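**Q** Got a structure here, written out as structure tokens. Questions coming.
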Amino acid sequence: MPDLVKLSIDGREVQAAPGTLVIDAAKREGIEVPAFCYYEGFTLQAACRMCLVEVEKMPKLQTACTLPVAEGMVVRTETAQVAEARKYMLEFLLTNHPLDCPVCDKGGECELQDMTFRYGVGESRYTELKVHTPEKQFSPVVFFDAPRCILCYRCVRVCNEGMGVGALGVINRGVVSEIAPNKGDHLECDECGACIDICPVGALTSGIYRYKARPWEMEHVGTICTHCADGCKTTLGVRNGHIIRGNNRDQSGINREFLCIKGRYAFDFYDHPDRLQAPLVRVNGKLEEVSWAQALKIVADKFNRTVADGGSFGVIGSNHTTNEENYYLQKFAREVLGTNNIDHRRTGDVVTLLDALSGKEAKLATVADLYERKAALVLGADLALEHPLLSYQLRANYRHHQAHIYAVTPGPVREDKYAVASIRVGGPAVKVGGDLGITPGRDVGAVSNGPGSAPVGGPGVVPNNGQTSEGPRWEPVNGPGIATGDPSGFVHPHDVSAVPADYFAALESLRDKLKAEPELVILFDDDFKGDEIRQLVEFGDSLGIPVKYVCLVDYSNSRGAVDMGLTPELLPGYKPSERPGMHSDEMLDADLSVLWIVGENPLRNGRTRKAGFLVVHEMFLTETARQADVVLPAACAYEKNGTVTNNTGEVQRLKRGIDTMGAKPDLEIMGFIAREMGVAAALGPWSADVVFEEIRRKVRGYDIPLPVIATGGAAQTMPVNGRIPVANRPDLVRSDHNGLFASGTLGRYSRVLNSVLESREAADETNPSPAVLSR
């Protein structure tokens, strides 16, 4: 490790690593150097000039955001000259800035407002008319007010470098310069809203939050996003019992400030007009509203009679219910109902991975590993669309640490743009060899960070669309190449590989490159199941380097559902149940006396129930709920406490942010049914904290430190380090492959997800049947 550099900042002796910027060195000492354009983790802009500081022996003020520390450097951040320079800079920024703070959504969080107050710019010497342009709506999510913009370029950089999309840029020059979207008058992008959150002023605002509330009027509740399995923390802004916005500006959680459109905006399903708020019971063939007491008594009486008569039960759980709810449900099924017919929708073969890793230590990667490890291999998955946080981590690792990324996928993926090797399996050949430098889009022949954009200063690319045999071809930038809109346009013109026969043929072609890496993380989706996973682990072992794995799953607690024993062959902690039991499809086809479905929608696509009595916990009247005898309105993740386990096995805590009248958490519903049946004492209290304590005692790997998750952190679980001696069923593993704008049933009821243009385009391109399998 190189020796630390010693310098002085405002009279304090400071030590910092070589290459550290003065602005960061000061921040670590608690000295604030104001800046609008600087943002940690992105390229340096030096556009706002607010971070000017005095440096001894330098004739002019220096920008602290671009100045590396040097031995013996003497820096002063709060002299009269510095304060005057910042005051004049603010006066210049306010030349055309509208004085609309009372109605601006950024009020109370505006960095320009704070600096103006701090440096006392009470009046302006400019008497000319302000240049004004009307507000523009780039998309249902993003609004742009050009006069408020201070051209800090934060939004451009976060979209280009952070998200890898490049949907924003700057057009014109001088006083009429402004941010512009990639499609002329509208955006086509991930609609993540990162540009809005990173904006230091009110130039970019959210269509969801506009004119709704002030920051100090809201209660801020940190919880976990209820959509995909990445486990992002989202901070809900709650006012008068309603969620007003979501963000993670305090950079807490495993995702820091990152959120996709689902985590930032797709909370809006919770107050959809179709939300169930009273139990429904089938009377004379029709579902009618009844009281909770009546519905619970009907269910409890039916359960008791079926147990007494020796009838058959089936229980189907959910990928969205908490660990506590899943644990309590399987305990209820096995100990009270006397059935081992319990299952859920499996979206990744976690069981085979854990079995294949038997006896090996430290083999499961964390979200942080994707940012810190030297190399990563993506197999099958389109991470940017299906697991955006993991994709974001890999991009940041590439930008900051020059990590080597490898992608072996059926189709084009965003990782192609910076991969060392990118190979298509079962499709047209694409590039091997990365295109991008550390600063994307700056070198001749390199592509910019926007999907479908042509190389900069080099030839355009028209990919092989399968209709010709000539392969990818290259045309001038002003030709068809710039308008393909297809990420498979990222093909290096002199390095095209042959199509491998399968994944393992592709892996063999990469063996020498992978063996040369110091360490590796392998991410794979449901293209790998059963023996294929064992073969993949054998391949990883044969490389002779440290290798970690991530088995990708779909939903917020898909991993936790397996850990908690929602399968007939396994108890919590992957202990063999040693009892026969039906899987989900078998239960749906069997003539069971009672079928109890908690948060799933398996009777889709016209499928008809066979069970004699059907009980459903649901938020909406789904296809399954419409066929039920009793429907119990359930709370969503934002309305309950508990824990969930993400893709990488990291446990995090849910915190209740709101209450919806009439809906109850699934754990509470199960507890009330147990009380009505007279078996509550056997199952124990239905409190999330009490059940989690039992999980920590009885489920292997879940004895995690409580202070870590109680304070908003994540703790990884390793539920087993030994063989799992059960007959696994990899044929039951089926991923929904939800993109950015789909999320099972929740996605159908999210107004934001259904309003953006990209959602409709994605549906048109893939023409899928609706993914309505789970809550």
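As shown in the structure tokens, the chain order sets the letters A, B, ...; within each chain, residues go from 1, and ligands are also counted from 1 in the order they appear.
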Please, which residues in segment 565-643 of chain A fall within 10 Å of segment 288-306 of chain A when counting only C-alpha atoms, and what is the closest atom pair and distance in Å to one decimal for each, ordered by chain then residue number, as a tab-separated table?

**A**
residue	atom	partner	partner_atom	distance
A:Ser593	CA	A:Thr306	CA	7.1
A:Val594	CA	A:Thr306	CA	7.7
A:Trp596	CA	A:Val299	CA	9.9
A:Phe613	CA	A:Lys302	CA	8.4
A:Leu614	CA	A:Val299	CA	9.6
A:Val615	CA	A:Val299	CA	7.5
A:Asp629	CA	A:Val299	CA	9.4
A:Val630	CA	A:Ala295	CA	7.0
A:Val631	CA	A:Ala295	CA	8.4
A:Leu632	CA	A:Ala295	CA	7.7
A:Pro633	CA	A:Trp292	CA	9.5

**Q** Do a neighbour search on His320 of chain A at 10 Å with only C-alpha atoms, toss out local chain neighbours closer than 6 positions, and write the hits as a list in words.

**A** Thr226, His227, Cys228, Ala229, Asn326, Asp554, Tyr555, Ser556, Asn557, Ser558, Arg559, Gly560, Ala561, Val598, Gly599, Glu600, Cys636, Ala637, Val644, Ser774 and Arg775 of chain A

**Q** Go through segment 164-245 of chain A residue by residue and, counting only C-alpha atoms, keep those with an atom at most 9 Å from segment 101-122 of chain A; for each kept residue give the shortest atom pair and its distance in Å to one decimal, ordered by chain and increasing number, as JSON lines.

**A**
{"residue": "A:Cys199", "atom": "CA", "partner": "A:Cys110", "partner_atom": "CA", "distance": 8.9}
{"residue": "A:Pro200", "atom": "CA", "partner": "A:Glu111", "partner_atom": "CA", "distance": 5.4}
{"residue": "A:Val201", "atom": "CA", "partner": "A:Cys110", "partner_atom": "CA", "distance": 5.2}
{"residue": "A:Gly202", "atom": "CA", "partner": "A:Lys106", "partner_atom": "CA", "distance": 5.0}
{"residue": "A:Ala203", "atom": "CA", "partner": "A:Lys106", "partner_atom": "CA", "distance": 8.7}
{"residue": "A:Thr205", "atom": "CA", "partner": "A:Asp105", "partner_atom": "CA", "distance": 7.1}
{"residue": "A:Ser206", "atom": "CA", "partner": "A:Asp105", "partner_atom": "CA", "distance": 8.7}
{"residue": "A:Tyr209", "atom": "CA", "partner": "A:Asp105", "partner_atom": "CA", "distance": 7.9}
{"residue": "A:Arg210", "atom": "CA", "partner": "A:Asp105", "partner_atom": "CA", "distance": 6.1}
{"residue": "A:Tyr211", "atom": "CA", "partner": "A:Asp105", "partner_atom": "CA", "distance": 6.3}
{"residue": "A:Lys212", "atom": "CA", "partner": "A:Asp105", "partner_atom": "CA", "distance": 8.3}
{"residue": "A:Ala213", "atom": "CA", "partner": "A:Asp105", "partner_atom": "CA", "distance": 7.9}
{"residue": "A:Arg214", "atom": "CA", "partner": "A:Gly107", "partner_atom": "CA", "distance": 7.1}
{"residue": "A:Pro215", "atom": "CA", "partner": "A:Gly108", "partner_atom": "CA", "distance": 6.6}
{"residue": "A:Trp216", "atom": "CA", "partner": "A:Gly108", "partner_atom": "CA", "distance": 7.7}

**Q** Quick one: of A:His220, A:Arg395, A:Arg76, A:His344, who's nearest to Cys159 of chain A, counting only C-alpha atoms?

**A**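 Of all the options, A:Arg395 lies closest to Cys159 of chain A.
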
**Q** Can you tell me, as an MDAnalysis selection string, what residues are no more than 6 Å from segment 20-37 of chain A when counting only C-alpha atoms, ignoring any on the same chain fewer than 2 positions away?

**A** chainID A and resid 17:18 48 50:51 64:65 67:69 152

**Q** Write the selection just made, keeping N, CA, C and O atoms, as a compact mmCIF listing (two decimals), in the first residue's frame?

**A**
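Result went into result17.txt, see below:
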# COMPACT_ATOMS: atom_id res chain seq x y z
N ALA A 17 -4.88 8.97 0.90
CA ALA A 17 -4.20 8.12 -0.06
C ALA A 17 -3.85 8.93 -1.30
O ALA A 17 -4.57 9.87 -1.68
N PRO A 18 -2.75 8.60 -1.96
CA PRO A 18 -2.40 9.30 -3.21
C PRO A 18 -3.54 9.20 -4.23
O PRO A 18 -4.17 8.16 -4.37
N CYS A 48 -19.41 23.69 -12.23
CA CYS A 48 -20.14 24.68 -11.44
C CYS A 48 -19.24 25.71 -10.77
O CYS A 48 -19.69 26.79 -10.40
N MET A 50 -18.16 25.90 -7.86
CA MET A 50 -18.50 26.22 -6.47
C MET A 50 -17.48 25.68 -5.48
O MET A 50 -17.42 26.11 -4.33
N CYS A 51 -16.66 24.73 -5.90
CA CYS A 51 -15.73 24.09 -4.97
C CYS A 51 -14.36 24.77 -4.98
O CYS A 51 -13.37 24.17 -4.54
N ALA A 64 -11.58 22.04 -6.12
CA ALA A 64 -11.26 20.93 -5.22
C ALA A 64 -11.74 19.60 -5.76
O ALA A 64 -11.25 18.54 -5.35
N CYS A 65 -12.70 19.62 -6.70
CA CYS A 65 -13.25 18.37 -7.22
C CYS A 65 -12.38 17.73 -8.27
O CYS A 65 -12.61 16.60 -8.68
N LEU A 67 -8.73 18.41 -8.10
CA LEU A 67 -7.36 18.59 -7.62
C LEU A 67 -6.96 17.44 -6.70
O LEU A 67 -7.52 17.28 -5.62
N PRO A 68 -5.98 16.61 -7.09
CA PRO A 68 -5.52 15.53 -6.20
C PRO A 68 -4.67 16.11 -5.07
O PRO A 68 -4.02 17.15 -5.22
N VAL A 69 -4.67 15.42 -3.95
CA VAL A 69 -3.84 15.85 -2.82
C VAL A 69 -2.37 15.68 -3.18
O VAL A 69 -1.99 14.84 -4.00
N CYS A 152 -25.12 21.27 -14.40
CA CYS A 152 -24.10 20.57 -13.62
C CYS A 152 -23.71 19.25 -14.25
O CYS A 152 -22.70 18.65 -13.88

**Q** Would you mind telling me which residue in A:Val5, A:Ala714, A:Cys149, A:Leu385 lies nearest to Glu650 of chain A when using only C-alpha atoms?

**A**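 Ranked by minimum distance to Glu650 of chain A, first place goes to A:Ala714.
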
**Q** Mind checking which residues fall within 7 Å of Ala688 of chain A, counting only C-alpha atoms, ignoring those fewer than 2 positions away in the same chain, and posting them as a ChimeraX atom specification?

**A** /A:324,641-642,686,690-692

**Q** Just to be explicit: take each residue in the selection above, keep N, CA and C atoms, and write the result as a tab-separated table (two decimals), in the first residue's frame.

**A**
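Resulting contents of selection-v6.tsv:
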chain	number	residue	atom	x	y	z
A	324	GLU	N	-40.97	-14.78	7.99
A	324	GLU	CA	-41.79	-15.16	9.14
A	324	GLU	C	-43.10	-15.79	8.69
A	641	ASN	N	-44.36	-5.74	8.85
A	641	ASN	CA	-43.00	-5.90	9.36
A	641	ASN	C	-42.55	-7.34	9.10
A	642	GLY	N	-41.25	-7.53	9.10
A	642	GLY	CA	-40.72	-8.87	8.89
A	642	GLY	C	-39.36	-8.80	8.23
A	686	TRP	N	-48.14	-14.93	16.73
A	686	TRP	CA	-47.98	-14.55	15.33
A	686	TRP	C	-47.42	-13.14	15.21
A	690	VAL	N	-41.25	-12.33	17.21
A	690	VAL	CA	-41.21	-13.61	17.92
A	690	VAL	C	-40.92	-14.75	16.95
A	691	VAL	N	-41.57	-14.74	15.79
A	691	VAL	CA	-41.34	-15.80	14.81
A	691	VAL	C	-39.91	-15.75	14.28
A	692	PHE	N	-39.37	-14.54	14.09
A	692	PHE	CA	-38.00	-14.46	13.60
A	692	PHE	C	-37.02	-14.99	14.64

**Q** Any idea what's packed within 7 Å of segment 267-274 of chain A, counting only C-alpha atoms, ignoring anything in its chain fewer than 3 positions away? Could you give it as a compact mmCIF listing (two decimals) with all heavy atoms, in the first residue's frame?

**A**
# COMPACT_ATOMS: atom_id res chain seq x y z
N PHE A 620 -55.78 -8.50 -4.73
CA PHE A 620 -56.69 -8.17 -5.83
C PHE A 620 -57.50 -9.41 -6.20
O PHE A 620 -57.16 -10.53 -5.84
CB PHE A 620 -55.90 -7.67 -7.04
CG PHE A 620 -55.00 -6.51 -6.75
CD1 PHE A 620 -53.64 -6.70 -6.55
CD2 PHE A 620 -55.50 -5.23 -6.66
CE1 PHE A 620 -52.79 -5.65 -6.27
CE2 PHE A 620 -54.67 -4.15 -6.38
CZ PHE A 620 -53.32 -4.36 -6.18
N LEU A 746 -48.45 -7.56 -9.28
CA LEU A 746 -48.22 -6.18 -8.84
C LEU A 746 -48.02 -5.25 -10.03
O LEU A 746 -48.50 -4.12 -10.03
CB LEU A 746 -46.99 -6.12 -7.93
CG LEU A 746 -47.06 -6.87 -6.61
CD1 LEU A 746 -45.82 -6.58 -5.78
CD2 LEU A 746 -48.31 -6.51 -5.84
N TYR A 749 -51.12 -3.86 -11.65
CA TYR A 749 -51.86 -2.85 -10.90
C TYR A 749 -51.03 -1.61 -10.59
O TYR A 749 -51.48 -0.76 -9.82
CB TYR A 749 -52.41 -3.46 -9.61
CG TYR A 749 -53.48 -4.49 -9.87
CD1 TYR A 749 -53.17 -5.84 -9.97
CD2 TYR A 749 -54.81 -4.11 -10.06
CE1 TYR A 749 -54.16 -6.79 -10.23
CE2 TYR A 749 -55.80 -5.05 -10.32
CZ TYR A 749 -55.46 -6.38 -10.40
OH TYR A 749 -56.44 -7.31 -10.66
N SER A 750 -49.85 -1.49 -11.19
CA SER A 750 -49.04 -0.29 -11.01
C SER A 750 -49.33 0.68 -12.15
O SER A 750 -49.06 0.38 -13.32
CB SER A 750 -47.55 -0.65 -10.99
OG SER A 750 -46.77 0.52 -11.08
N ARG A 751 -49.83 1.83 -11.82
CA ARG A 751 -50.15 2.83 -12.85
C ARG A 751 -48.89 3.33 -13.54
O ARG A 751 -48.89 3.57 -14.75
CB ARG A 751 -50.92 3.99 -12.20
CG ARG A 751 -52.30 3.60 -11.69
CD ARG A 751 -53.00 4.77 -11.02
NE ARG A 751 -52.42 5.10 -9.74
CZ ARG A 751 -52.76 4.52 -8.58
NH1 ARG A 751 -53.67 3.56 -8.57
NH2 ARG A 751 -52.19 4.87 -7.45

**Q** Of the residues A:Lys331, A:Lys6, A:Lys515, A:Lys286, which is the one nearest to Arg626 of chain A, using only C-alpha atoms?

**A** A:Lys286
